[in-house]
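**Student:** The structure is given below, and queries will be raised subsequently.
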Amino acid sequence: MINDLIVLCTDRLGTCRDFYSGLGPTLVREQHGTGPEHYAATLAHGAVLELYPTGRTATGYLRLGLTTPVGAGATRACSF
């Protein structure tokens, strides 16, 4: 499987942005329609890292998107 999406939700968006930016990725502010403003970066191997604000408890949650080959060049993607 190939991890092609990492979504981190946090109530400390600025702190997380500063931390992950310090590791190298260029995080860009984005907003899709009326959704929340968030930050996204495309990593060296093509995966996307997104940081979203959350109203959940301080522990937040993690979302991963994975792609796996299913034969003859086809792929299947899933997100959980």
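Ligands are numbered from 1 in the order shown, chains are lettered A, B, ... in the order of the structure tokens, and residues start at 1 in each chain.
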Mind checking which residues fall within 7 Å of segment 42-48 of chain A, counting only C-alpha atoms, ignoring those fewer than 5 positions away in the same chain, and posting them as a compact mmCIF listing (two decimals) with all heavy atoms, in the first residue's frame?
**Tutor:**
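New file selection_29.txt:
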# COMPACT_ATOMS: atom_id res chain seq x y z
N ASN A 3 0.80 5.22 1.09
CA ASN A 3 0.09 6.25 1.82
C ASN A 3 0.14 7.52 0.99
O ASN A 3 1.20 8.08 0.75
CB ASN A 3 0.74 6.47 3.19
CG ASN A 3 0.00 7.49 4.02
OD1 ASN A 3 -0.91 8.15 3.54
ND2 ASN A 3 0.40 7.62 5.25
N ASP A 4 -1.04 7.99 0.51
CA ASP A 4 -1.03 9.19 -0.31
C ASP A 4 -1.81 10.34 0.30
O ASP A 4 -1.91 11.40 -0.32
CB ASP A 4 -1.51 8.89 -1.73
CG ASP A 4 -2.90 8.28 -1.79
OD1 ASP A 4 -3.58 8.20 -0.76
OD2 ASP A 4 -3.31 7.87 -2.89
N LEU A 5 -2.33 10.18 1.51
CA LEU A 5 -3.04 11.26 2.18
C LEU A 5 -2.91 11.12 3.68
O LEU A 5 -3.14 10.05 4.24
CB LEU A 5 -4.53 11.23 1.81
CG LEU A 5 -5.43 12.24 2.54
CD1 LEU A 5 -5.05 13.67 2.17
CD2 LEU A 5 -6.89 11.96 2.23
N ILE A 6 -2.51 12.20 4.33
CA ILE A 6 -2.46 12.26 5.79
C ILE A 6 -3.19 13.54 6.19
O ILE A 6 -2.81 14.62 5.77
CB ILE A 6 -1.02 12.31 6.32
CG1 ILE A 6 -0.22 11.11 5.84
CG2 ILE A 6 -1.01 12.41 7.85
CD1 ILE A 6 1.28 11.23 6.06
N PRO A 25 8.16 20.54 4.73
CA PRO A 25 7.08 20.78 3.77
C PRO A 25 6.64 22.25 3.73
O PRO A 25 6.64 22.92 4.75
CB PRO A 25 5.92 19.91 4.25
CG PRO A 25 6.48 19.00 5.27
CD PRO A 25 7.74 19.62 5.78
**Student:** Fewer than 5 positions away in the same chain doesn't count, so skip those; otherwise give me all residues within 9 Å of Glu37 of chain A, counting only C-alpha atoms, as an NGL selection string.
**Tutor:** :A and (29-32 or 52-53)
**Student:** Name all residues at most 12 Å from Ser21 of chain A (count only C-alpha atoms; drop same-chain ones fewer than 5 positions away) and give them as a ChimeraX atom specification.
**Tutor:** /A:13-16,26-28,39-43,49-51
**Student:** For the residues in that selection, give me all heavy atoms as a compact mmCIF listing (two decimals), in the first residue's frame.
**Tutor:**
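Result went into out.txt, see below:
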# COMPACT_ATOMS: atom_id res chain seq x y z
N LEU A 13 -3.87 24.59 15.49
CA LEU A 13 -3.51 24.61 14.08
C LEU A 13 -2.21 25.37 13.82
O LEU A 13 -1.34 24.88 13.10
CB LEU A 13 -4.66 25.22 13.26
CG LEU A 13 -4.52 25.16 11.75
CD1 LEU A 13 -4.41 23.71 11.27
CD2 LEU A 13 -5.71 25.83 11.09
N GLY A 14 -2.06 26.55 14.40
CA GLY A 14 -0.84 27.34 14.19
C GLY A 14 0.40 26.63 14.69
O GLY A 14 1.45 26.63 14.03
N THR A 15 0.30 26.00 15.85
CA THR A 15 1.44 25.27 16.42
C THR A 15 1.82 24.09 15.53
O THR A 15 3.00 23.86 15.26
CB THR A 15 1.10 24.79 17.84
OG1 THR A 15 0.77 25.92 18.64
CG2 THR A 15 2.25 24.03 18.46
N CYS A 16 0.82 23.34 15.06
CA CYS A 16 1.10 22.20 14.18
C CYS A 16 1.68 22.67 12.85
O CYS A 16 2.60 22.06 12.33
CB CYS A 16 -0.17 21.40 13.94
SG CYS A 16 -0.60 20.34 15.32
N THR A 26 6.28 22.71 2.55
CA THR A 26 5.72 24.05 2.40
C THR A 26 4.21 23.94 2.53
O THR A 26 3.54 23.44 1.62
CB THR A 26 6.10 24.65 1.03
OG1 THR A 26 7.52 24.69 0.93
CG2 THR A 26 5.53 26.04 0.86
N LEU A 27 3.69 24.38 3.66
CA LEU A 27 2.25 24.31 3.90
C LEU A 27 1.58 25.58 3.38
O LEU A 27 2.00 26.69 3.70
CB LEU A 27 1.97 24.13 5.40
CG LEU A 27 2.34 22.74 5.92
CD1 LEU A 27 2.60 22.77 7.41
CD2 LEU A 27 1.24 21.76 5.58
N VAL A 28 0.55 25.39 2.57
CA VAL A 28 -0.17 26.48 1.94
C VAL A 28 -1.58 26.54 2.51
O VAL A 28 -2.24 25.50 2.65
CB VAL A 28 -0.24 26.26 0.40
CG1 VAL A 28 -1.04 27.35 -0.27
CG2 VAL A 28 1.16 26.16 -0.17
N TYR A 39 -4.37 23.92 6.11
CA TYR A 39 -3.07 23.98 5.44
C TYR A 39 -2.80 22.65 4.75
O TYR A 39 -3.16 21.59 5.27
CB TYR A 39 -1.96 24.28 6.44
CG TYR A 39 -2.09 25.67 7.01
CD1 TYR A 39 -2.79 25.90 8.17
CD2 TYR A 39 -1.52 26.76 6.36
CE1 TYR A 39 -2.92 27.18 8.69
CE2 TYR A 39 -1.65 28.04 6.85
CZ TYR A 39 -2.35 28.25 8.02
OH TYR A 39 -2.49 29.52 8.49
N ALA A 40 -2.15 22.72 3.58
CA ALA A 40 -1.84 21.51 2.83
C ALA A 40 -0.46 21.62 2.22
O ALA A 40 0.00 22.70 1.87
CB ALA A 40 -2.88 21.29 1.73
N ALA A 41 0.20 20.47 2.09
CA ALA A 41 1.51 20.39 1.45
C ALA A 41 1.58 19.08 0.68
O ALA A 41 1.07 18.05 1.13
CB ALA A 41 2.63 20.43 2.48
N THR A 42 2.21 19.12 -0.49
CA THR A 42 2.50 17.91 -1.24
C THR A 42 3.91 17.49 -0.87
O THR A 42 4.86 18.27 -1.02
CB THR A 42 2.38 18.14 -2.75
OG1 THR A 42 1.05 18.59 -3.04
CG2 THR A 42 2.65 16.86 -3.52
N LEU A 43 4.06 16.27 -0.38
CA LEU A 43 5.35 15.77 0.07
C LEU A 43 6.15 15.25 -1.12
O LEU A 43 5.63 15.09 -2.22
CB LEU A 43 5.14 14.68 1.11
CG LEU A 43 4.29 15.10 2.32
CD1 LEU A 43 4.08 13.92 3.26
CD2 LEU A 43 4.88 16.28 3.04
N LEU A 49 -0.19 16.13 2.77
CA LEU A 49 -0.35 16.33 4.21
C LEU A 49 -1.30 17.51 4.38
O LEU A 49 -1.07 18.57 3.80
CB LEU A 49 1.00 16.65 4.87
CG LEU A 49 0.94 17.15 6.32
CD1 LEU A 49 0.40 16.06 7.25
CD2 LEU A 49 2.30 17.63 6.77
N GLU A 50 -2.38 17.32 5.14
CA GLU A 50 -3.32 18.40 5.42
C GLU A 50 -3.50 18.57 6.92
O GLU A 50 -3.57 17.57 7.64
CB GLU A 50 -4.68 18.13 4.77
CG GLU A 50 -4.64 18.13 3.27
CD GLU A 50 -6.01 17.98 2.63
OE1 GLU A 50 -6.86 17.27 3.20
OE2 GLU A 50 -6.22 18.58 1.58
N LEU A 51 -3.54 19.81 7.36
CA LEU A 51 -3.77 20.15 8.76
C LEU A 51 -5.08 20.91 8.83
O LEU A 51 -5.23 21.95 8.20
CB LEU A 51 -2.64 21.03 9.30
CG LEU A 51 -1.22 20.49 9.16
CD1 LEU A 51 -0.23 21.53 9.65
CD2 LEU A 51 -1.06 19.19 9.91
